[in-house]
Amino acid sequence: MVYAKVHQLIGEIATADQPADTWFSELKAVLRGFEAEAARLGARAARHVRDELCAQIEHEALVATRPSQRTILITALKNLEAIDWQPAR
């Protein structure tokens with residue numbers, strides 16, 4: 001559920017024709033929400049969902065025909081890759 005929702009929201013941001021400051025703010029909000037929701041899954045599951053989402057977004061960025069869409073997808077990818085969850089101790 002987390003994967004599908006975040007993937008859809010990132011896709012909507014990438015296909016909307018918005019100024020950079022608008023899409024970047026929206027993207028950051030989506031990624032903060034993803035980080036919080038995925039954390040509830042546990043560190044291992046959260047990383048798995050993140051890795052699957054990154055693979056899908058990377059593929060979409062590679063086949064994107066609009067430069068603005070590619071930029072948004074690559075920005076999402078880089079920010080997702082930076083998220084990490086520490087295992088509970």
# chains A, B, ... in the order shown; residues from 1 in each chain; ligands from 1
call {"tool": "residues_around", "arguments": {"residues": "stretch 6-15 of chain A", "least_positions_apart": "2", "cutoff": "12 Å", "atoms": "only C-alpha atoms", "output": "number ranges by chain"}}
result
A: 1-4, 17-38, 49-50, 52-58, 60-61, 64-77, 79-80
call {"tool": "select_by_dssp", "arguments": {"residues": "chain A", "states": "alpha helix (DSSP H)", "output": "PDB file with N, CA and C atoms, in the first residue's frame"}}
result
ATOM      1  N   VAL A   2       1.904   1.273   0.813  1.00  0.00           N
ATOM      2  CA  VAL A   2       2.809   2.419   0.872  1.00  0.00           C
ATOM      3  C   VAL A   2       3.452   2.630  -0.494  1.00  0.00           C
ATOM      4  N   TYR A   3       3.928   1.551  -1.084  1.00  0.00           N
ATOM      5  CA  TYR A   3       4.580   1.615  -2.389  1.00  0.00           C
ATOM      6  C   TYR A   3       3.656   2.234  -3.422  1.00  0.00           C
ATOM      7  N   ALA A   4       2.450   1.706  -3.538  1.00  0.00           N
ATOM      8  CA  ALA A   4       1.515   2.157  -4.568  1.00  0.00           C
ATOM      9  C   ALA A   4       1.146   3.625  -4.388  1.00  0.00           C
ATOM     10  N   LYS A   5       0.885   4.014  -3.150  1.00  0.00           N
ATOM     11  CA  LYS A   5       0.480   5.401  -2.890  1.00  0.00           C
ATOM     12  C   LYS A   5       1.602   6.380  -3.237  1.00  0.00           C
ATOM     13  N   VAL A   6       2.809   6.074  -2.780  1.00  0.00           N
ATOM     14  CA  VAL A   6       3.940   6.975  -3.029  1.00  0.00           C
ATOM     15  C   VAL A   6       4.295   6.994  -4.512  1.00  0.00           C
ATOM     16  N   HIS A   7       4.267   5.849  -5.147  1.00  0.00           N
ATOM     17  CA  HIS A   7       4.555   5.770  -6.578  1.00  0.00           C
ATOM     18  C   HIS A   7       3.561   6.622  -7.366  1.00  0.00           C
ATOM     19  N   GLN A   8       2.306   6.526  -7.011  1.00  0.00           N
ATOM     20  CA  GLN A   8       1.275   7.315  -7.698  1.00  0.00           C
ATOM     21  C   GLN A   8       1.490   8.814  -7.482  1.00  0.00           C
ATOM     22  N   LEU A   9       1.766   9.210  -6.249  1.00  0.00           N
ATOM     23  CA  LEU A   9       1.961  10.635  -5.963  1.00  0.00           C
ATOM     24  C   LEU A   9       3.190  11.199  -6.683  1.00  0.00           C
ATOM     25  N   ILE A  10       4.273  10.440  -6.706  1.00  0.00           N
ATOM     26  CA  ILE A  10       5.468  10.892  -7.419  1.00  0.00           C
ATOM     27  C   ILE A  10       5.169  10.992  -8.912  1.00  0.00           C
ATOM     28  N   GLY A  11       4.441  10.032  -9.445  1.00  0.00           N
ATOM     29  CA  GLY A  11       4.049  10.080 -10.856  1.00  0.00           C
ATOM     30  C   GLY A  11       3.207  11.293 -11.183  1.00  0.00           C
ATOM     31  N   GLU A  12       2.281  11.623 -10.290  1.00  0.00           N
ATOM     32  CA  GLU A  12       1.433  12.806 -10.506  1.00  0.00           C
ATOM     33  C   GLU A  12       2.262  14.085 -10.496  1.00  0.00           C
ATOM     34  N   ILE A  13       3.209  14.178  -9.587  1.00  0.00           N
ATOM     35  CA  ILE A  13       4.080  15.352  -9.531  1.00  0.00           C
ATOM     36  C   ILE A  13       4.925  15.437 -10.802  1.00  0.00           C
ATOM     37  N   ALA A  14       5.439  14.296 -11.247  1.00  0.00           N
ATOM     38  CA  ALA A  14       6.318  14.273 -12.424  1.00  0.00           C
ATOM     39  C   ALA A  14       5.588  14.640 -13.707  1.00  0.00           C
ATOM     40  N   THR A  15       4.298  14.345 -13.790  1.00  0.00           N
ATOM     41  CA  THR A  15       3.567  14.621 -15.025  1.00  0.00           C
ATOM     42  C   THR A  15       2.840  15.958 -15.002  1.00  0.00           C
ATOM     43  N   ALA A  20       9.455  24.712 -10.588  1.00  0.00           N
ATOM     44  CA  ALA A  20      10.355  23.881  -9.784  1.00  0.00           C
ATOM     45  C   ALA A  20      10.120  24.026  -8.288  1.00  0.00           C
ATOM     46  N   ASP A  21       9.903  25.238  -7.810  1.00  0.00           N
ATOM     47  CA  ASP A  21       9.713  25.398  -6.366  1.00  0.00           C
ATOM     48  C   ASP A  21       8.437  24.705  -5.890  1.00  0.00           C
ATOM     49  N   THR A  22       7.423  24.632  -6.740  1.00  0.00           N
ATOM     50  CA  THR A  22       6.172  23.967  -6.376  1.00  0.00           C
ATOM     51  C   THR A  22       6.356  22.458  -6.355  1.00  0.00           C
ATOM     52  N   TRP A  23       6.889  21.883  -7.438  1.00  0.00           N
ATOM     53  CA  TRP A  23       7.003  20.422  -7.455  1.00  0.00           C
ATOM     54  C   TRP A  23       8.004  19.931  -6.432  1.00  0.00           C
ATOM     55  N   PHE A  24       9.053  20.710  -6.177  1.00  0.00           N
ATOM     56  CA  PHE A  24      10.052  20.270  -5.204  1.00  0.00           C
ATOM     57  C   PHE A  24       9.450  20.222  -3.800  1.00  0.00           C
ATOM     58  N   SER A  25       8.650  21.225  -3.453  1.00  0.00           N
ATOM     59  CA  SER A  25       7.990  21.236  -2.137  1.00  0.00           C
ATOM     60  C   SER A  25       7.027  20.061  -2.000  1.00  0.00           C
ATOM     61  N   GLU A  26       6.265  19.802  -3.047  1.00  0.00           N
ATOM     62  CA  GLU A  26       5.326  18.678  -3.020  1.00  0.00           C
ATOM     63  C   GLU A  26       6.066  17.349  -2.916  1.00  0.00           C
ATOM     64  N   LEU A  27       7.143  17.216  -3.657  1.00  0.00           N
ATOM     65  CA  LEU A  27       7.923  15.992  -3.631  1.00  0.00           C
ATOM     66  C   LEU A  27       8.506  15.746  -2.247  1.00  0.00           C
ATOM     67  N   LYS A  28       9.067  16.779  -1.635  1.00  0.00           N
ATOM     68  CA  LYS A  28       9.639  16.634  -0.293  1.00  0.00           C
ATOM     69  C   LYS A  28       8.572  16.196   0.708  1.00  0.00           C
ATOM     70  N   ALA A  29       7.352  16.736   0.580  1.00  0.00           N
ATOM     71  CA  ALA A  29       6.265  16.348   1.480  1.00  0.00           C
ATOM     72  C   ALA A  29       5.904  14.870   1.288  1.00  0.00           C
ATOM     73  N   VAL A  30       5.853  14.426   0.049  1.00  0.00           N
ATOM     74  CA  VAL A  30       5.558  13.017  -0.236  1.00  0.00           C
ATOM     75  C   VAL A  30       6.643  12.118   0.342  1.00  0.00           C
ATOM     76  N   LEU A  31       7.892  12.507   0.185  1.00  0.00           N
ATOM     77  CA  LEU A  31       9.000  11.694   0.683  1.00  0.00           C
ATOM     78  C   LEU A  31       9.046  11.656   2.208  1.00  0.00           C
ATOM     79  N   ARG A  32       8.705  12.764   2.868  1.00  0.00           N
ATOM     80  CA  ARG A  32       8.627  12.763   4.333  1.00  0.00           C
ATOM     81  C   ARG A  32       7.521  11.823   4.796  1.00  0.00           C
ATOM     82  N   GLY A  33       6.392  11.855   4.091  1.00  0.00           N
ATOM     83  CA  GLY A  33       5.298  10.946   4.421  1.00  0.00           C
ATOM     84  C   GLY A  33       5.691   9.495   4.223  1.00  0.00           C
ATOM     85  N   PHE A  34       6.393   9.222   3.121  1.00  0.00           N
ATOM     86  CA  PHE A  34       6.862   7.861   2.861  1.00  0.00           C
ATOM     87  C   PHE A  34       7.796   7.397   3.962  1.00  0.00           C
ATOM     88  N   GLU A  35       8.727   8.255   4.340  1.00  0.00           N
ATOM     89  CA  GLU A  35       9.692   7.878   5.377  1.00  0.00           C
ATOM     90  C   GLU A  35       8.981   7.511   6.680  1.00  0.00           C
ATOM     91  N   ALA A  36       7.996   8.307   7.056  1.00  0.00           N
ATOM     92  CA  ALA A  36       7.260   8.042   8.299  1.00  0.00           C
ATOM     93  C   ALA A  36       6.417   6.773   8.194  1.00  0.00           C
ATOM     94  N   GLU A  37       5.704   6.617   7.085  1.00  0.00           N
ATOM     95  CA  GLU A  37       4.857   5.426   6.918  1.00  0.00           C
ATOM     96  C   GLU A  37       5.678   4.158   6.817  1.00  0.00           C
ATOM     97  N   ALA A  38       6.736   4.194   6.051  1.00  0.00           N
ATOM     98  CA  ALA A  38       7.558   3.005   5.864  1.00  0.00           C
ATOM     99  C   ALA A  38       8.263   2.615   7.153  1.00  0.00           C
ATOM    100  N   ALA A  39       8.584   3.574   7.990  1.00  0.00           N
ATOM    101  CA  ALA A  39       9.252   3.280   9.260  1.00  0.00           C
ATOM    102  C   ALA A  39       8.399   2.367  10.128  1.00  0.00           C
ATOM    103  N   ALA A  43      12.633  -1.679   9.907  1.00  0.00           N
ATOM    104  CA  ALA A  43      13.771  -1.243   9.096  1.00  0.00           C
ATOM    105  C   ALA A  43      13.963  -2.097   7.849  1.00  0.00           C
ATOM    106  N   ARG A  44      13.926  -3.398   8.002  1.00  0.00           N
ATOM    107  CA  ARG A  44      14.185  -4.290   6.858  1.00  0.00           C
ATOM    108  C   ARG A  44      13.104  -4.143   5.794  1.00  0.00           C
ATOM    109  N   ALA A  45      11.858  -4.164   6.202  1.00  0.00           N
ATOM    110  CA  ALA A  45      10.751  -4.036   5.245  1.00  0.00           C
ATOM    111  C   ALA A  45      10.741  -2.657   4.598  1.00  0.00           C
ATOM    112  N   ALA A  46      11.041  -1.623   5.374  1.00  0.00           N
ATOM    113  CA  ALA A  46      11.072  -0.261   4.835  1.00  0.00           C
ATOM    114  C   ALA A  46      12.148  -0.133   3.756  1.00  0.00           C
ATOM    115  N   ARG A  47      13.319  -0.691   4.032  1.00  0.00           N
ATOM    116  CA  ARG A  47      14.390  -0.640   3.031  1.00  0.00           C
ATOM    117  C   ARG A  47      14.004  -1.422   1.773  1.00  0.00           C
ATOM    118  N   HIS A  48      13.332  -2.536   1.948  1.00  0.00           N
ATOM    119  CA  HIS A  48      12.892  -3.333   0.791  1.00  0.00           C
ATOM    120  C   HIS A  48      11.905  -2.538  -0.064  1.00  0.00           C
ATOM    121  N   VAL A  49      10.925  -1.916   0.567  1.00  0.00           N
ATOM    122  CA  VAL A  49       9.948  -1.110  -0.174  1.00  0.00           C
ATOM    123  C   VAL A  49      10.653   0.038  -0.875  1.00  0.00           C
ATOM    124  N   ARG A  50      11.564   0.704  -0.171  1.00  0.00           N
ATOM    125  CA  ARG A  50      12.325   1.806  -0.769  1.00  0.00           C
ATOM    126  C   ARG A  50      13.123   1.334  -1.976  1.00  0.00           C
ATOM    127  N   ASP A  51      13.788   0.204  -1.852  1.00  0.00           N
ATOM    128  CA  ASP A  51      14.606  -0.310  -2.954  1.00  0.00           C
ATOM    129  C   ASP A  51      13.753  -0.659  -4.171  1.00  0.00           C
ATOM    130  N   GLU A  52      12.592  -1.249  -3.946  1.00  0.00           N
ATOM    131  CA  GLU A  52      11.690  -1.575  -5.050  1.00  0.00           C
ATOM    132  C   GLU A  52      11.166  -0.300  -5.715  1.00  0.00           C
ATOM    133  N   LEU A  53      10.814   0.680  -4.899  1.00  0.00           N
ATOM    134  CA  LEU A  53      10.331   1.958  -5.423  1.00  0.00           C
ATOM    135  C   LEU A  53      11.432   2.656  -6.217  1.00  0.00           C
ATOM    136  N   CYS A  54      12.654   2.614  -5.723  1.00  0.00           N
ATOM    137  CA  CYS A  54      13.787   3.216  -6.436  1.00  0.00           C
ATOM    138  C   CYS A  54      14.001   2.550  -7.791  1.00  0.00           C
ATOM    139  N   ALA A  55      13.914   1.236  -7.829  1.00  0.00           N
ATOM    140  CA  ALA A  55      14.105   0.528  -9.091  1.00  0.00           C
ATOM    141  C   ALA A  55      13.049   0.936 -10.108  1.00  0.00           C
ATOM    142  N   GLN A  56      11.803   1.052  -9.666  1.00  0.00           N
ATOM    143  CA  GLN A  56      10.718   1.434 -10.568  1.00  0.00           C
ATOM    144  C   GLN A  56      10.891   2.869 -11.060  1.00  0.00           C
ATOM    145  N   ILE A  57      11.212   3.772 -10.152  1.00  0.00           N
ATOM    146  CA  ILE A  57      11.372   5.179 -10.527  1.00  0.00           C
ATOM    147  C   ILE A  57      12.581   5.356 -11.438  1.00  0.00           C
ATOM    148  N   GLU A  58      13.646   4.623 -11.186  1.00  0.00           N
ATOM    149  CA  GLU A  58      14.819   4.702 -12.056  1.00  0.00           C
ATOM    150  C   GLU A  58      14.462   4.278 -13.479  1.00  0.00           C
ATOM    151  N   HIS A  59      13.704   3.214 -13.602  1.00  0.00           N
ATOM    152  CA  HIS A  59      13.268   2.757 -14.927  1.00  0.00           C
ATOM    153  C   HIS A  59      12.429   3.836 -15.612  1.00  0.00           C
ATOM    154  N   GLU A  60      11.496   4.412 -14.875  1.00  0.00           N
ATOM    155  CA  GLU A  60      10.639   5.452 -15.446  1.00  0.00           C
ATOM    156  C   GLU A  60      11.446   6.670 -15.862  1.00  0.00           C
ATOM    157  N   ALA A  61      12.468   7.021 -15.085  1.00  0.00           N
ATOM    158  CA  ALA A  61      13.325   8.162 -15.439  1.00  0.00           C
ATOM    159  C   ALA A  61      14.096   7.886 -16.725  1.00  0.00           C
ATOM    160  N   LEU A  62      14.525   6.645 -16.884  1.00  0.00           N
ATOM    161  CA  LEU A  62      15.286   6.293 -18.087  1.00  0.00           C
ATOM    162  C   LEU A  62      14.448   6.357 -19.358  1.00  0.00           C
ATOM    163  N   VAL A  63      13.157   6.090 -19.259  1.00  0.00           N
ATOM    164  CA  VAL A  63      12.302   6.097 -20.441  1.00  0.00           C
ATOM    165  C   VAL A  63      11.484   7.381 -20.583  1.00  0.00           C
ATOM    166  N   PRO A  67      12.161  16.259 -20.434  1.00  0.00           N
ATOM    167  CA  PRO A  67      13.268  16.551 -19.516  1.00  0.00           C
ATOM    168  C   PRO A  67      12.795  16.934 -18.111  1.00  0.00           C
ATOM    169  N   SER A  68      11.701  17.687 -18.003  1.00  0.00           N
ATOM    170  CA  SER A  68      11.215  18.080 -16.678  1.00  0.00           C
ATOM    171  C   SER A  68      10.746  16.863 -15.885  1.00  0.00           C
ATOM    172  N   GLN A  69      10.108  15.933 -16.561  1.00  0.00           N
ATOM    173  CA  GLN A  69       9.652  14.705 -15.897  1.00  0.00           C
ATOM    174  C   GLN A  69      10.864  13.887 -15.431  1.00  0.00           C
ATOM    175  N   ARG A  70      11.865  13.766 -16.273  1.00  0.00           N
ATOM    176  CA  ARG A  70      13.079  13.033 -15.920  1.00  0.00           C
ATOM    177  C   ARG A  70      13.762  13.676 -14.710  1.00  0.00           C
ATOM    178  N   THR A  71      13.822  14.996 -14.695  1.00  0.00           N
ATOM    179  CA  THR A  71      14.443  15.708 -13.576  1.00  0.00           C
ATOM    180  C   THR A  71      13.727  15.414 -12.267  1.00  0.00           C
ATOM    181  N   ILE A  72      12.417  15.453 -12.297  1.00  0.00           N
ATOM    182  CA  ILE A  72      11.632  15.195 -11.080  1.00  0.00           C
ATOM    183  C   ILE A  72      11.837  13.754 -10.613  1.00  0.00           C
ATOM    184  N   LEU A  73      11.810  12.817 -11.539  1.00  0.00           N
ATOM    185  CA  LEU A  73      11.980  11.407 -11.166  1.00  0.00           C
ATOM    186  C   LEU A  73      13.376  11.144 -10.608  1.00  0.00           C
ATOM    187  N   ILE A  74      14.386  11.745 -11.203  1.00  0.00           N
ATOM    188  CA  ILE A  74      15.753  11.563 -10.701  1.00  0.00           C
ATOM    189  C   ILE A  74      15.902  12.213  -9.329  1.00  0.00           C
ATOM    190  N   THR A  75      15.284  13.354  -9.129  1.00  0.00           N
ATOM    191  CA  THR A  75      15.318  14.007  -7.818  1.00  0.00           C
ATOM    192  C   THR A  75      14.643  13.125  -6.774  1.00  0.00           C
ATOM    193  N   ALA A  76      13.502  12.546  -7.136  1.00  0.00           N
ATOM    194  CA  ALA A  76      12.810  11.630  -6.218  1.00  0.00           C
ATOM    195  C   ALA A  76      13.704  10.437  -5.903  1.00  0.00           C
ATOM    196  N   LEU A  77      14.327   9.880  -6.918  1.00  0.00           N
ATOM    197  CA  LEU A  77      15.194   8.721  -6.751  1.00  0.00           C
ATOM    198  C   LEU A  77      16.342   9.022  -5.792  1.00  0.00           C
ATOM    199  N   LYS A  78      17.023  10.123  -6.007  1.00  0.00           N
ATOM    200  CA  LYS A  78      18.171  10.474  -5.164  1.00  0.00           C
ATOM    201  C   LYS A  78      17.746  10.701  -3.712  1.00  0.00           C
ATOM    202  N   ASN A  79      16.601  11.342  -3.524  1.00  0.00           N
ATOM    203  CA  ASN A  79      16.115  11.581  -2.164  1.00  0.00           C
ATOM    204  C   ASN A  79      15.656  10.286  -1.498  1.00  0.00           C
ATOM    205  N   LEU A  80      15.046   9.393  -2.257  1.00  0.00           N
ATOM    206  CA  LEU A  80      14.650   8.092  -1.702  1.00  0.00           C
ATOM    207  C   LEU A  80      15.881   7.292  -1.293  1.00  0.00           C
ATOM    208  N   GLU A  81      16.904   7.299  -2.134  1.00  0.00           N
ATOM    209  CA  GLU A  81      18.121   6.549  -1.832  1.00  0.00           C
ATOM    210  C   GLU A  81      18.793   7.045  -0.547  1.00  0.00           C
ATOM    211  N   ALA A  82      18.575   8.286  -0.202  1.00  0.00           N
ATOM    212  CA  ALA A  82      19.198   8.861   0.992  1.00  0.00           C
ATOM    213  C   ALA A  82      18.467   8.485   2.279  1.00  0.00           C
TER     214      ALA A  82
END
